[in-house]
Amino acid sequence: MSLAIGIDKIEYGDVGDGIPGASLAEITDPIAEGSVAFSFSEPTETNIMSETSDVPVVTILTKEDPEYIEFALITPAAATLAALAGGTATTDKWEAPTSVPEINQTVKITTKTKDAEAIEYTIVNAKIVSRFNQAPAKKAEERLLVRCYIQEARTDLGVVETPFIREIVAVV
């Protein structure tokens, strides 16, 4: 039985042609404990009713709320800030972007290994939005909150592919 407990790594990279990117880089900054969160919305239902019945003729389901996965990084490096929040970076200096950046990446989150298996959660085409959500304090560290919105995964030919993948993988 596969059991998804804990996070082993988070990776990101360029989006493929309607599929996950082939080359992903691992985030090396510490992931804040307990910060990985899933937000998958329930569909909104609209019942089409008839004057002659108390039962809907048809129920239409639509997703109205954006779905995302988010996580927090502890005191990220300048290069991580540039990759996930935009702007520019040198070795130890990050300069914020002058406008809201457009960051689209494949994002893969892998759980810790249990019984030689791990679970991978992949957003094929994630819109990444990041912001500092915790300032350093006497008993608290600086944190960058990274939110990865699930977007449509469309090929160059216009074919819509799955936007989100959950897969159990063998770990050797």
# chains A, B, ... in the order shown; residues from 1 in each chain; ligands from 1

$ residues_around --residues "region 69-74 of chain A" --least-positions-apart "6" --cutoff "12 Å" --atoms "only C-alpha atoms" --output "VMD selection string"
chain A and resid 7 9 to 10 27 to 41 80 to 81 84 to 85 107 to 109 121 to 123 126 to 136 140 to 151 164

$ residues_around --residues "region 18-20 of chain A" --least-positions-apart "3" --cutoff "10 Å" --atoms "only C-alpha atoms" --output "short mmCIF file (atom, residue, chain, number, x, y, z; two decimals) with C-alpha atoms, in the first residue's frame"
data_model
loop_
_atom_site.label_atom_id
_atom_site.label_comp_id
_atom_site.auth_asym_id
_atom_site.auth_seq_id
_atom_site.Cartn_x
_atom_site.Cartn_y
_atom_site.Cartn_z
CA TYR A 12 10.01 22.93 -11.52
CA GLY A 13 10.91 23.58 -15.14
CA ASP A 14 9.72 24.62 -18.56
CA VAL A 15 6.31 23.32 -19.65
CA SER A 23 13.93 18.72 -17.50
CA LEU A 24 13.01 19.81 -13.97
CA GLN A 105 6.21 26.14 -15.16
CA THR A 106 5.69 22.43 -14.71
CA VAL A 107 5.74 21.72 -10.96
CA LYS A 108 6.25 18.26 -9.45
CA THR A 122 2.48 17.09 -11.17
CA ILE A 123 0.90 20.30 -12.41
CA VAL A 124 1.63 20.31 -16.13
CA ASN A 125 1.20 24.06 -16.67
CA GLU A 152 -5.08 24.12 -19.00
CA ALA A 153 -2.42 21.96 -20.65
CA ARG A 154 -2.82 22.57 -24.38
CA THR A 155 -0.51 21.35 -27.15
CA ASP A 156 0.72 23.55 -29.98
CA LEU A 157 -1.95 21.87 -32.16
CA GLY A 158 -4.71 22.88 -29.74
CA VAL A 159 -5.29 19.46 -28.13
CA VAL A 160 -6.23 19.77 -24.46
CA GLU A 161 -4.36 17.29 -22.24
CA THR A 162 -4.71 16.51 -18.53
CA PRO A 163 -3.58 19.44 -16.37
CA PHE A 164 -2.80 17.43 -13.20
CA ILE A 165 -1.22 14.01 -12.63
#

$ closest_residue --among "A:Met49, A:Glu11, A:Ala4, A:Glu26" --to "Arg166 (chain A)" --atoms "only C-alpha atoms"
A:Ala4

$ residues_around --residues "Lys63 (chain A)" --least-positions-apart "6" --cutoff "8 Å" --atoms "only C-alpha atoms" --output "VMD selection string"
chain A and resid 41 to 44

$ write_last_selection --atoms "C-alpha atoms" --output "PDB file, in the first residue's frame"
ATOM      1  CA  SER A  41     -12.534  22.998  -5.471  1.00  0.00           C
ATOM      2  CA  GLU A  42     -15.869  21.265  -5.500  1.00  0.00           C
ATOM      3  CA  PRO A  43     -17.948  21.897  -8.585  1.00  0.00           C
ATOM      4  CA  THR A  44     -20.794  24.375  -8.429  1.00  0.00           C
TER       5      THR A  44
END

$ closest_residue --among "A:Thr59, A:Thr98, A:Asn104, A:Thr113" --to "Ala83 (chain A)" --atoms "only C-alpha atoms"
A:Asn104

$ residues_around --residues "Ala96 (chain A)" --least-positions-apart "3" --cutoff "10 Å" --atoms "only C-alpha atoms" --output "PyMOL selection string"
chain A and resi 81-82+85-89+93+99-101

$ atom_distance --atom1 "CA of Ile168 (chain A)" --atom2 "CA of Ser2 (chain A)"
7.4 Å

$ decode --residues "region 147-167 of chain A" --atoms "N, CA and C atoms" --output "PDB file, in the first residue's frame"
ATOM      1  N   ARG A 147       2.442  29.777  -4.681  1.00  0.00           N
ATOM      2  CA  ARG A 147       1.155  29.188  -5.071  1.00  0.00           C
ATOM      3  C   ARG A 147       1.231  28.815  -6.550  1.00  0.00           C
ATOM      4  N   CYS A 148       0.872  27.564  -6.852  1.00  0.00           N
ATOM      5  CA  CYS A 148       0.964  27.023  -8.216  1.00  0.00           C
ATOM      6  C   CYS A 148      -0.449  26.699  -8.700  1.00  0.00           C
ATOM      7  N   TYR A 149      -1.011  27.591  -9.493  1.00  0.00           N
ATOM      8  CA  TYR A 149      -2.373  27.413 -10.008  1.00  0.00           C
ATOM      9  C   TYR A 149      -2.381  26.408 -11.150  1.00  0.00           C
ATOM     10  N   ILE A 150      -3.361  25.529 -11.149  1.00  0.00           N
ATOM     11  CA  ILE A 150      -3.518  24.551 -12.223  1.00  0.00           C
ATOM     12  C   ILE A 150      -4.197  25.233 -13.400  1.00  0.00           C
ATOM     13  N   GLN A 151      -3.517  25.191 -14.552  1.00  0.00           N
ATOM     14  CA  GLN A 151      -4.050  25.780 -15.777  1.00  0.00           C
ATOM     15  C   GLN A 151      -4.194  24.692 -16.836  1.00  0.00           C
ATOM     16  N   GLU A 152      -4.902  25.025 -17.879  1.00  0.00           N
ATOM     17  CA  GLU A 152      -5.081  24.115 -18.999  1.00  0.00           C
ATOM     18  C   GLU A 152      -3.720  23.717 -19.589  1.00  0.00           C
ATOM     19  N   ALA A 153      -3.615  22.456 -19.971  1.00  0.00           N
ATOM     20  CA  ALA A 153      -2.418  21.955 -20.654  1.00  0.00           C
ATOM     21  C   ALA A 153      -2.798  21.716 -22.107  1.00  0.00           C
ATOM     22  N   ARG A 154      -2.411  22.615 -22.968  1.00  0.00           N
ATOM     23  CA  ARG A 154      -2.818  22.566 -24.380  1.00  0.00           C
ATOM     24  C   ARG A 154      -1.568  22.430 -25.258  1.00  0.00           C
ATOM     25  N   THR A 155      -1.634  21.534 -26.232  1.00  0.00           N
ATOM     26  CA  THR A 155      -0.514  21.350 -27.149  1.00  0.00           C
ATOM     27  C   THR A 155      -0.487  22.482 -28.170  1.00  0.00           C
ATOM     28  N   ASP A 156       0.601  22.548 -28.920  1.00  0.00           N
ATOM     29  CA  ASP A 156       0.715  23.554 -29.984  1.00  0.00           C
ATOM     30  C   ASP A 156      -0.354  23.368 -31.053  1.00  0.00           C
ATOM     31  N   LEU A 157      -0.893  22.141 -31.184  1.00  0.00           N
ATOM     32  CA  LEU A 157      -1.945  21.865 -32.164  1.00  0.00           C
ATOM     33  C   LEU A 157      -3.347  22.095 -31.598  1.00  0.00           C
ATOM     34  N   GLY A 158      -3.417  22.551 -30.335  1.00  0.00           N
ATOM     35  CA  GLY A 158      -4.709  22.878 -29.736  1.00  0.00           C
ATOM     36  C   GLY A 158      -5.393  21.731 -29.014  1.00  0.00           C
ATOM     37  N   VAL A 159      -4.713  20.599 -28.840  1.00  0.00           N
ATOM     38  CA  VAL A 159      -5.292  19.460 -28.133  1.00  0.00           C
ATOM     39  C   VAL A 159      -5.148  19.695 -26.627  1.00  0.00           C
ATOM     40  N   VAL A 160      -6.254  19.566 -25.898  1.00  0.00           N
ATOM     41  CA  VAL A 160      -6.231  19.769 -24.455  1.00  0.00           C
ATOM     42  C   VAL A 160      -5.880  18.443 -23.778  1.00  0.00           C
ATOM     43  N   GLU A 161      -4.834  18.464 -22.978  1.00  0.00           N
ATOM     44  CA  GLU A 161      -4.361  17.288 -22.237  1.00  0.00           C
ATOM     45  C   GLU A 161      -4.683  17.462 -20.757  1.00  0.00           C
ATOM     46  N   THR A 162      -4.433  16.424 -19.966  1.00  0.00           N
ATOM     47  CA  THR A 162      -4.715  16.509 -18.532  1.00  0.00           C
ATOM     48  C   THR A 162      -3.821  17.564 -17.875  1.00  0.00           C
ATOM     49  N   PRO A 163      -4.381  18.396 -16.998  1.00  0.00           N
ATOM     50  CA  PRO A 163      -3.576  19.443 -16.374  1.00  0.00           C
ATOM     51  C   PRO A 163      -2.871  18.994 -15.081  1.00  0.00           C
ATOM     52  N   PHE A 164      -3.311  17.865 -14.499  1.00  0.00           N
ATOM     53  CA  PHE A 164      -2.801  17.431 -13.201  1.00  0.00           C
ATOM     54  C   PHE A 164      -2.638  15.921 -13.202  1.00  0.00           C
ATOM     55  N   ILE A 165      -1.513  15.446 -12.660  1.00  0.00           N
ATOM     56  CA  ILE A 165      -1.223  14.011 -12.632  1.00  0.00           C
ATOM     57  C   ILE A 165      -0.815  13.610 -11.209  1.00  0.00           C
ATOM     58  N   ARG A 166      -1.385  12.516 -10.729  1.00  0.00           N
ATOM     59  CA  ARG A 166      -0.952  11.894  -9.472  1.00  0.00           C
ATOM     60  C   ARG A 166      -0.509  10.483  -9.826  1.00  0.00           C
ATOM     61  N   GLU A 167       0.749  10.154  -9.481  1.00  0.00           N
ATOM     62  CA  GLU A 167       1.275   8.859  -9.883  1.00  0.00           C
ATOM     63  C   GLU A 167       2.093   8.237  -8.751  1.00  0.00           C
TER      64      GLU A 167
END
